[in-house]
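Asks: Data: structure00.cif, mmCIF, N, CA and C atoms and all ligand atoms.
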data_structure
loop_
_atom_site.label_atom_id
_atom_site.label_comp_id
_atom_site.auth_asym_id
_atom_site.auth_seq_id
_atom_site.Cartn_x
_atom_site.Cartn_y
_atom_site.Cartn_z
N MET H 1 80.43 107.66 95.11
CA MET H 1 80.63 106.37 95.77
C MET H 1 79.30 105.77 96.23
N TRP H 2 79.32 104.52 96.55
CA TRP H 2 78.13 103.86 97.06
C TRP H 2 78.21 103.90 98.58
N ASN H 3 77.07 103.74 99.20
CA ASN H 3 77.15 103.75 100.67
C ASN H 3 77.31 102.34 101.21
N ARG H 4 77.55 102.26 102.48
CA ARG H 4 77.93 100.97 103.05
C ARG H 4 76.75 100.00 103.16
N SER H 5 75.54 100.53 103.07
CA SER H 5 74.40 99.61 103.13
C SER H 5 74.00 99.15 101.72
N GLY H 6 74.74 99.58 100.71
CA GLY H 6 74.45 99.21 99.35
C GLY H 6 74.88 97.80 99.03
N THR H 7 74.96 97.50 97.76
CA THR H 7 75.24 96.12 97.35
C THR H 7 76.64 95.68 97.75
N MET H 8 77.55 96.62 97.96
CA MET H 8 78.91 96.23 98.27
C MET H 8 79.14 96.16 99.79
N ALA H 9 78.10 96.24 100.55
CA ALA H 9 78.26 96.26 102.00
C ALA H 9 78.73 94.90 102.52
N ALA H 10 78.91 94.85 103.79
CA ALA H 10 79.53 93.68 104.42
C ALA H 10 78.70 92.41 104.22
N ARG H 11 77.45 92.54 103.84
CA ARG H 11 76.63 91.36 103.64
C ARG H 11 77.08 90.54 102.43
N ASN H 12 77.85 91.17 101.58
CA ASN H 12 78.41 90.47 100.41
C ASN H 12 79.12 89.20 100.88
N TYR H 13 78.72 88.05 100.30
CA TYR H 13 79.28 86.79 100.80
C TYR H 13 80.77 86.66 100.51
N LEU H 14 81.28 87.50 99.59
CA LEU H 14 82.71 87.46 99.28
C LEU H 14 83.55 88.09 100.38
N ASN H 15 82.91 88.92 101.18
CA ASN H 15 83.68 89.65 102.18
C ASN H 15 84.05 88.78 103.36
N ARG H 16 85.29 88.88 103.75
CA ARG H 16 85.71 88.18 104.96
C ARG H 16 85.39 89.06 106.14
N ARG H 17 84.79 88.47 107.14
CA ARG H 17 84.45 89.25 108.32
C ARG H 17 85.69 89.57 109.12
N LEU H 18 85.70 90.79 109.63
CA LEU H 18 86.81 91.22 110.47
C LEU H 18 86.97 90.29 111.67
N SER H 19 85.83 89.96 112.29
CA SER H 19 85.89 89.12 113.49
C SER H 19 86.51 87.76 113.19
N ASP H 20 86.11 87.16 112.06
CA ASP H 20 86.68 85.87 111.68
C ASP H 20 88.17 85.99 111.42
N GLY H 21 88.53 87.06 110.70
CA GLY H 21 89.93 87.26 110.36
C GLY H 21 90.79 87.47 111.60
N VAL H 22 90.30 88.27 112.54
CA VAL H 22 91.07 88.56 113.75
C VAL H 22 91.22 87.29 114.58
N ARG H 23 90.14 86.51 114.64
CA ARG H 23 90.21 85.25 115.40
C ARG H 23 91.22 84.29 114.77
N ARG H 24 91.21 84.22 113.45
CA ARG H 24 92.03 83.23 112.78
C ARG H 24 93.49 83.66 112.65
N VAL H 25 93.72 84.88 112.17
CA VAL H 25 95.11 85.27 111.88
C VAL H 25 95.55 86.55 112.57
N GLY H 26 94.65 87.21 113.27
CA GLY H 26 95.01 88.47 113.91
C GLY H 26 94.74 89.65 112.99
N PHE H 27 94.62 90.83 113.59
CA PHE H 27 94.22 91.99 112.80
C PHE H 27 95.22 92.35 111.70
N ARG H 28 96.50 92.38 112.05
CA ARG H 28 97.50 92.84 111.07
C ARG H 28 97.52 91.98 109.82
N LYS H 29 97.42 90.66 110.00
CA LYS H 29 97.38 89.74 108.85
C LYS H 29 96.10 89.95 108.05
N TRP H 30 95.01 90.13 108.78
CA TRP H 30 93.73 90.37 108.10
C TRP H 30 93.84 91.61 107.22
N TYR H 31 94.37 92.66 107.79
CA TYR H 31 94.53 93.93 107.08
C TYR H 31 95.41 93.74 105.84
N GLU H 32 96.53 93.04 106.03
CA GLU H 32 97.44 92.76 104.93
C GLU H 32 96.72 92.02 103.79
N ARG H 33 95.95 91.01 104.15
CA ARG H 33 95.24 90.22 103.15
C ARG H 33 94.19 91.03 102.43
N GLU H 34 93.49 91.90 103.16
CA GLU H 34 92.49 92.74 102.52
C GLU H 34 93.14 93.65 101.48
N LEU H 35 94.29 94.20 101.83
CA LEU H 35 95.00 95.08 100.90
C LEU H 35 95.48 94.29 99.68
N LEU H 36 96.01 93.10 99.92
CA LEU H 36 96.48 92.24 98.82
C LEU H 36 95.32 91.92 97.88
N SER H 37 94.20 91.53 98.48
CA SER H 37 93.03 91.19 97.69
C SER H 37 92.56 92.42 96.91
N SER H 38 92.58 93.58 97.56
CA SER H 38 92.18 94.81 96.90
C SER H 38 93.06 95.08 95.68
N HIS H 39 94.37 94.89 95.84
CA HIS H 39 95.27 95.16 94.73
C HIS H 39 95.13 94.14 93.60
N ALA H 40 94.76 92.89 93.96
CA ALA H 40 94.51 91.89 92.93
C ALA H 40 93.32 92.32 92.07
N HIS H 41 92.31 92.91 92.71
CA HIS H 41 91.15 93.39 91.94
C HIS H 41 91.51 94.58 91.06
N MET H 42 92.43 95.41 91.53
CA MET H 42 92.88 96.53 90.72
C MET H 42 93.57 96.00 89.46
N LEU H 43 94.36 94.95 89.65
CA LEU H 43 95.07 94.34 88.52
C LEU H 43 94.06 93.77 87.52
N LEU H 44 93.03 93.13 88.04
CA LEU H 44 91.99 92.56 87.19
C LEU H 44 91.30 93.67 86.39
N ALA H 45 91.00 94.78 87.06
CA ALA H 45 90.37 95.92 86.38
C ALA H 45 91.27 96.43 85.25
N LEU H 46 92.55 96.44 85.52
CA LEU H 46 93.53 96.90 84.52
C LEU H 46 93.54 95.96 83.31
N LEU H 47 93.54 94.66 83.58
CA LEU H 47 93.53 93.67 82.50
C LEU H 47 92.27 93.81 81.65
N CYS H 48 91.15 94.08 82.33
CA CYS H 48 89.89 94.26 81.61
C CYS H 48 89.96 95.49 80.71
N THR H 49 90.62 96.53 81.17
CA THR H 49 90.77 97.74 80.36
C THR H 49 91.57 97.41 79.09
N ILE H 50 92.61 96.62 79.26
CA ILE H 50 93.41 96.21 78.11
C ILE H 50 92.55 95.38 77.15
N ALA H 51 91.75 94.48 77.70
CA ALA H 51 90.86 93.65 76.89
C ALA H 51 89.84 94.52 76.15
N LEU H 52 89.34 95.56 76.82
CA LEU H 52 88.39 96.48 76.20
C LEU H 52 89.03 97.16 74.99
N MET H 53 90.24 97.64 75.19
CA MET H 53 90.93 98.31 74.09
C MET H 53 91.21 97.35 72.94
N GLY H 54 91.55 96.10 73.30
CA GLY H 54 91.81 95.08 72.29
C GLY H 54 90.58 94.79 71.45
N SER H 55 89.42 94.67 72.11
CA SER H 55 88.21 94.34 71.36
C SER H 55 87.74 95.53 70.52
N MET H 56 88.05 96.74 70.96
CA MET H 56 87.71 97.91 70.15
C MET H 56 88.56 97.94 68.88
N GLU H 57 89.82 97.57 69.08
CA GLU H 57 90.73 97.58 67.94
C GLU H 57 90.34 96.50 66.93
N ALA H 58 89.95 95.33 67.47
CA ALA H 58 89.60 94.21 66.60
C ALA H 58 88.29 94.47 65.86
N PHE H 59 87.48 95.38 66.38
CA PHE H 59 86.15 95.63 65.79
C PHE H 59 86.25 96.13 64.35
N GLY H 60 87.30 96.85 64.04
CA GLY H 60 87.48 97.43 62.70
C GLY H 60 87.37 96.40 61.58
N GLY H 61 88.16 95.34 61.64
CA GLY H 61 88.11 94.36 60.57
C GLY H 61 87.16 93.23 60.91
N GLY H 62 87.15 92.20 60.10
CA GLY H 62 86.40 90.99 60.43
C GLY H 62 84.99 90.94 59.89
N THR H 63 84.41 89.75 59.95
CA THR H 63 83.05 89.54 59.46
C THR H 63 82.03 90.00 60.49
N LEU H 64 80.77 89.90 60.12
CA LEU H 64 79.69 90.30 61.02
C LEU H 64 79.71 89.46 62.30
N ALA H 65 79.95 88.15 62.12
CA ALA H 65 80.00 87.25 63.27
C ALA H 65 81.14 87.63 64.20
N GLU H 66 82.26 88.00 63.61
CA GLU H 66 83.41 88.40 64.43
C GLU H 66 83.13 89.72 65.15
N LYS H 67 82.45 90.61 64.46
CA LYS H 67 82.07 91.88 65.10
C LYS H 67 81.14 91.63 66.29
N PHE H 68 80.22 90.70 66.09
CA PHE H 68 79.29 90.36 67.16
C PHE H 68 80.06 89.80 68.37
N LEU H 69 81.01 88.92 68.08
CA LEU H 69 81.83 88.37 69.16
C LEU H 69 82.62 89.46 69.87
N ASP H 70 83.11 90.43 69.08
CA ASP H 70 83.83 91.55 69.67
C ASP H 70 82.96 92.33 70.65
N ILE H 71 81.69 92.52 70.24
CA ILE H 71 80.77 93.26 71.11
C ILE H 71 80.53 92.49 72.40
N VAL H 72 80.30 91.19 72.26
CA VAL H 72 80.09 90.35 73.45
C VAL H 72 81.31 90.43 74.37
N PHE H 73 82.47 90.30 73.78
CA PHE H 73 83.72 90.37 74.54
C PHE H 73 83.87 91.72 75.22
N PHE H 74 83.51 92.78 74.49
CA PHE H 74 83.58 94.14 75.01
C PHE H 74 82.68 94.30 76.24
N VAL H 75 81.45 93.83 76.11
CA VAL H 75 80.48 93.97 77.21
C VAL H 75 80.93 93.17 78.43
N VAL H 76 81.39 91.94 78.18
CA VAL H 76 81.83 91.09 79.29
C VAL H 76 83.05 91.70 79.99
N SER H 77 84.02 92.14 79.21
CA SER H 77 85.22 92.77 79.80
C SER H 77 84.83 94.01 80.60
N GLY H 78 83.90 94.79 80.05
CA GLY H 78 83.46 96.00 80.73
C GLY H 78 82.79 95.68 82.06
N ALA H 79 81.93 94.66 82.04
CA ALA H 79 81.21 94.29 83.26
C ALA H 79 82.17 93.79 84.33
N ILE H 80 83.07 92.91 83.93
CA ILE H 80 84.04 92.38 84.90
C ILE H 80 84.94 93.50 85.40
N GLY H 81 85.35 94.38 84.48
CA GLY H 81 86.22 95.49 84.86
C GLY H 81 85.57 96.41 85.88
N LEU H 82 84.30 96.73 85.65
CA LEU H 82 83.58 97.60 86.58
C LEU H 82 83.44 96.95 87.94
N TRP H 83 83.09 95.66 87.92
CA TRP H 83 82.95 94.91 89.17
C TRP H 83 84.27 94.92 89.94
N ALA H 84 85.37 94.64 89.22
CA ALA H 84 86.68 94.57 89.85
C ALA H 84 87.08 95.92 90.42
N LEU H 85 86.74 96.99 89.70
CA LEU H 85 87.08 98.33 90.16
C LEU H 85 86.33 98.67 91.45
N ARG H 86 85.05 98.35 91.46
CA ARG H 86 84.24 98.60 92.66
C ARG H 86 84.77 97.80 93.84
N ARG H 87 85.09 96.54 93.56
CA ARG H 87 85.60 95.64 94.59
C ARG H 87 86.94 96.16 95.14
N TYR H 88 87.78 96.61 94.24
CA TYR H 88 89.08 97.18 94.63
C TYR H 88 88.87 98.35 95.59
N LEU H 89 88.01 99.27 95.19
CA LEU H 89 87.78 100.46 96.02
C LEU H 89 87.13 100.08 97.35
N TYR H 90 86.17 99.15 97.29
CA TYR H 90 85.51 98.75 98.52
C TYR H 90 86.50 98.14 99.51
N LEU H 91 87.28 97.18 99.03
CA LEU H 91 88.22 96.47 99.91
C LEU H 91 89.24 97.45 100.50
N LEU H 92 89.72 98.36 99.65
CA LEU H 92 90.71 99.33 100.11
C LEU H 92 90.11 100.24 101.18
N MET H 93 88.94 100.79 100.88
CA MET H 93 88.34 101.74 101.82
C MET H 93 87.90 101.08 103.11
N HIS H 94 87.38 99.85 102.96
CA HIS H 94 86.94 99.14 104.16
C HIS H 94 88.13 98.82 105.07
N ALA H 95 89.23 98.37 104.47
CA ALA H 95 90.43 98.05 105.26
C ALA H 95 90.94 99.31 105.96
N GLU H 96 90.92 100.43 105.26
CA GLU H 96 91.40 101.68 105.86
C GLU H 96 90.48 102.14 106.97
N GLU H 97 89.17 101.98 106.72
CA GLU H 97 88.18 102.38 107.71
C GLU H 97 88.37 101.61 109.01
N VAL H 98 88.60 100.31 108.87
CA VAL H 98 88.80 99.48 110.05
C VAL H 98 90.15 99.81 110.71
N ALA H 99 91.17 100.02 109.88
CA ALA H 99 92.50 100.33 110.41
C ALA H 99 92.47 101.63 111.23
N ASN H 100 91.64 102.57 110.81
CA ASN H 100 91.52 103.83 111.55
C ASN H 100 90.95 103.62 112.94
N GLN H 101 90.26 102.50 113.12
CA GLN H 101 89.65 102.23 114.43
C GLN H 101 90.44 101.19 115.21
N ALA H 102 91.59 100.82 114.68
CA ALA H 102 92.34 99.70 115.27
C ALA H 102 93.32 100.14 116.36
N VAL H 103 93.30 101.41 116.71
CA VAL H 103 94.19 101.90 117.76
C VAL H 103 93.45 101.87 119.09
N CYS H 104 94.06 101.28 120.08
CA CYS H 104 93.44 101.23 121.41
C CYS H 104 93.29 102.66 121.94
N PRO H 105 92.07 103.06 122.30
CA PRO H 105 91.85 104.43 122.77
C PRO H 105 92.57 104.71 124.10
N GLN H 106 92.89 103.65 124.81
CA GLN H 106 93.49 103.86 126.13
C GLN H 106 95.02 103.90 126.10
N CYS H 107 95.64 102.94 125.42
CA CYS H 107 97.11 102.89 125.43
C CYS H 107 97.73 103.15 124.07
N GLN H 108 96.89 103.42 123.06
CA GLN H 108 97.36 103.77 121.70
C GLN H 108 98.07 102.63 120.99
N GLU H 109 97.97 101.41 121.49
CA GLU H 109 98.58 100.29 120.79
C GLU H 109 97.82 100.03 119.49
N TYR H 110 98.56 99.82 118.39
CA TYR H 110 97.90 99.63 117.09
C TYR H 110 97.75 98.16 116.72
N GLY H 111 96.49 97.78 116.45
CA GLY H 111 96.24 96.49 115.81
C GLY H 111 96.48 95.26 116.66
N ARG H 112 96.63 95.43 117.96
CA ARG H 112 96.83 94.24 118.78
C ARG H 112 95.63 94.05 119.69
N PHE H 113 94.67 93.29 119.20
CA PHE H 113 93.48 93.07 120.01
C PHE H 113 92.87 91.71 119.67
N THR H 114 92.01 91.26 120.54
CA THR H 114 91.26 90.04 120.29
C THR H 114 89.78 90.41 120.20
N VAL H 115 88.98 89.50 119.65
CA VAL H 115 87.56 89.75 119.54
C VAL H 115 86.89 89.38 120.86
N ALA H 116 86.20 90.33 121.48
CA ALA H 116 85.49 90.04 122.72
C ALA H 116 84.08 89.57 122.39
N SER H 117 83.41 90.29 121.52
CA SER H 117 82.06 89.90 121.09
C SER H 117 81.76 90.62 119.78
N GLU H 118 80.69 90.17 119.13
CA GLU H 118 80.35 90.82 117.87
C GLU H 118 78.85 90.82 117.66
N ASP H 119 78.40 91.84 116.94
CA ASP H 119 77.00 91.91 116.54
C ASP H 119 76.98 91.72 115.03
N ARG H 120 76.58 90.55 114.58
CA ARG H 120 76.66 90.23 113.15
C ARG H 120 75.69 91.06 112.34
N ARG H 121 74.63 91.54 112.98
CA ARG H 121 73.65 92.30 112.20
C ARG H 121 74.13 93.72 111.90
N SER H 122 74.74 94.34 112.90
CA SER H 122 75.22 95.71 112.67
C SER H 122 76.69 95.73 112.30
N ASP H 123 77.32 94.55 112.26
CA ASP H 123 78.74 94.44 111.94
C ASP H 123 79.62 95.23 112.89
N GLN H 124 79.20 95.30 114.14
CA GLN H 124 80.04 95.94 115.15
C GLN H 124 80.77 94.86 115.93
N VAL H 125 82.06 95.07 116.06
CA VAL H 125 82.88 94.09 116.75
C VAL H 125 83.47 94.75 117.99
N THR H 126 83.22 94.16 119.14
CA THR H 126 83.84 94.66 120.36
C THR H 126 85.16 93.93 120.54
N VAL H 127 86.23 94.71 120.63
CA VAL H 127 87.55 94.10 120.71
C VAL H 127 88.21 94.45 122.04
N CYS H 128 89.19 93.64 122.38
CA CYS H 128 89.87 93.81 123.66
C CYS H 128 91.37 93.97 123.40
N CYS H 129 91.95 95.04 123.90
CA CYS H 129 93.37 95.33 123.71
C CYS H 129 94.21 94.24 124.39
N ARG H 130 95.21 93.74 123.66
CA ARG H 130 96.05 92.69 124.23
C ARG H 130 97.03 93.26 125.25
N LYS H 131 97.24 94.56 125.18
CA LYS H 131 98.23 95.16 126.07
C LYS H 131 97.60 95.60 127.40
N CYS H 132 96.46 96.33 127.30
CA CYS H 132 95.90 96.90 128.54
C CYS H 132 94.50 96.37 128.85
N GLN H 133 93.98 95.46 128.02
CA GLN H 133 92.65 94.84 128.23
C GLN H 133 91.49 95.80 128.07
N HIS H 134 91.76 97.01 127.61
CA HIS H 134 90.68 97.95 127.36
C HIS H 134 89.79 97.43 126.22
N GLN H 135 88.49 97.63 126.34
CA GLN H 135 87.57 97.17 125.27
C GLN H 135 86.98 98.36 124.55
N TRP H 136 86.88 98.24 123.23
CA TRP H 136 86.19 99.25 122.44
C TRP H 136 85.52 98.59 121.24
N THR H 137 84.68 99.37 120.56
CA THR H 137 83.91 98.81 119.46
C THR H 137 84.43 99.31 118.12
N ILE H 138 84.55 98.38 117.18
CA ILE H 138 84.96 98.73 115.82
C ILE H 138 83.78 98.50 114.89
N ASP H 139 83.49 99.51 114.08
CA ASP H 139 82.47 99.41 113.05
C ASP H 139 83.08 98.74 111.84
N ALA H 140 82.77 97.47 111.64
CA ALA H 140 83.46 96.75 110.56
C ALA H 140 82.64 96.75 109.27
ZN ZN M 201 95.31 99.20 125.12
#
Just give me the structure as structure tokens.

Replies:
Amino acid sequence: MWNRSGTMAARNYLNRRLSDGVRRVGFRKWYERELLSSHAHMLLALLCTIALMGSMEAFGGGTLAEKFLDIVFFVVSGAIGLWALRRYLYLLMHAEEVANQAVCPQCQEYGRFTVASEDRRSDQVTVCCRKCQHQWTIDA
């Protein structure tokens, strides 16, 4: 796996920030959306695999130009497939990682908190329990 400071880290502009998500729709919805998005990428990776197999099969016949197009198609499908697979795993693991920290340490309430403050550089979000007002930090 890659580490969190790598290219797939939270700095990726595609990533929705936990703090923004919690402010806008609440943690549970944010979590749900991250999982949905993760599964959409899994589906894309699957489609790319099918495309890869298709272009391999098509490679057998055809003219030189068609073979060349097959190779281009193969490389593009492979690249998109790999990207989608990485994205799928990242989104899934990140959502789980955050969910593991979403329980209030004081009253054990799950996923019911508001954003108290955030450090955008370290991606640490200080959250406040809606039930008991206890504050703790989530590594997002
Ligand atoms: Zn609490």

Asks: Can you tell me which residues come within 7 Å of ligand ZN 201 (chain M) when counting all atoms listed in the file, ideally as a list in words?

Replies: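 Listed by chain and ascending number, the contacts are Val103, Cys104, Pro105, Gln106, Cys107, Gln108, Glu109, Cys128, Cys129, Arg130, Lys131, Cys132, Gln133 and His134 of chain H.
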
Asks: Residues within 6 Å of Ser55 in chain H, please, as a VMD selection string. Count only N, CA and C atoms; anything in the same chain fewer than 4 positions from it doesn't count.

Replies: chain H and resid 50 to 51 59 70 74

Asks: Between CA of Ala45 in chain H and atom C of Ala140 in chain H, what is the spacing in Å?

Replies: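 Rounded to one decimal, the two atoms are 24.2 Å apart.
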
Asks: For Val125 in chain H, which of H:Gly62, H:Asp139, H:Ala95, H:Gly111 is the closest residue, counting all atoms listed in the file?

Replies: H:Asp139

Asks: Could you go through chain H and tell me which residues DSSP, when run on the backbone, assigns to alpha helix (DSSP H), listing them as a ChimeraX atom specification?

Replies: /H:18-25,27-59,64-99
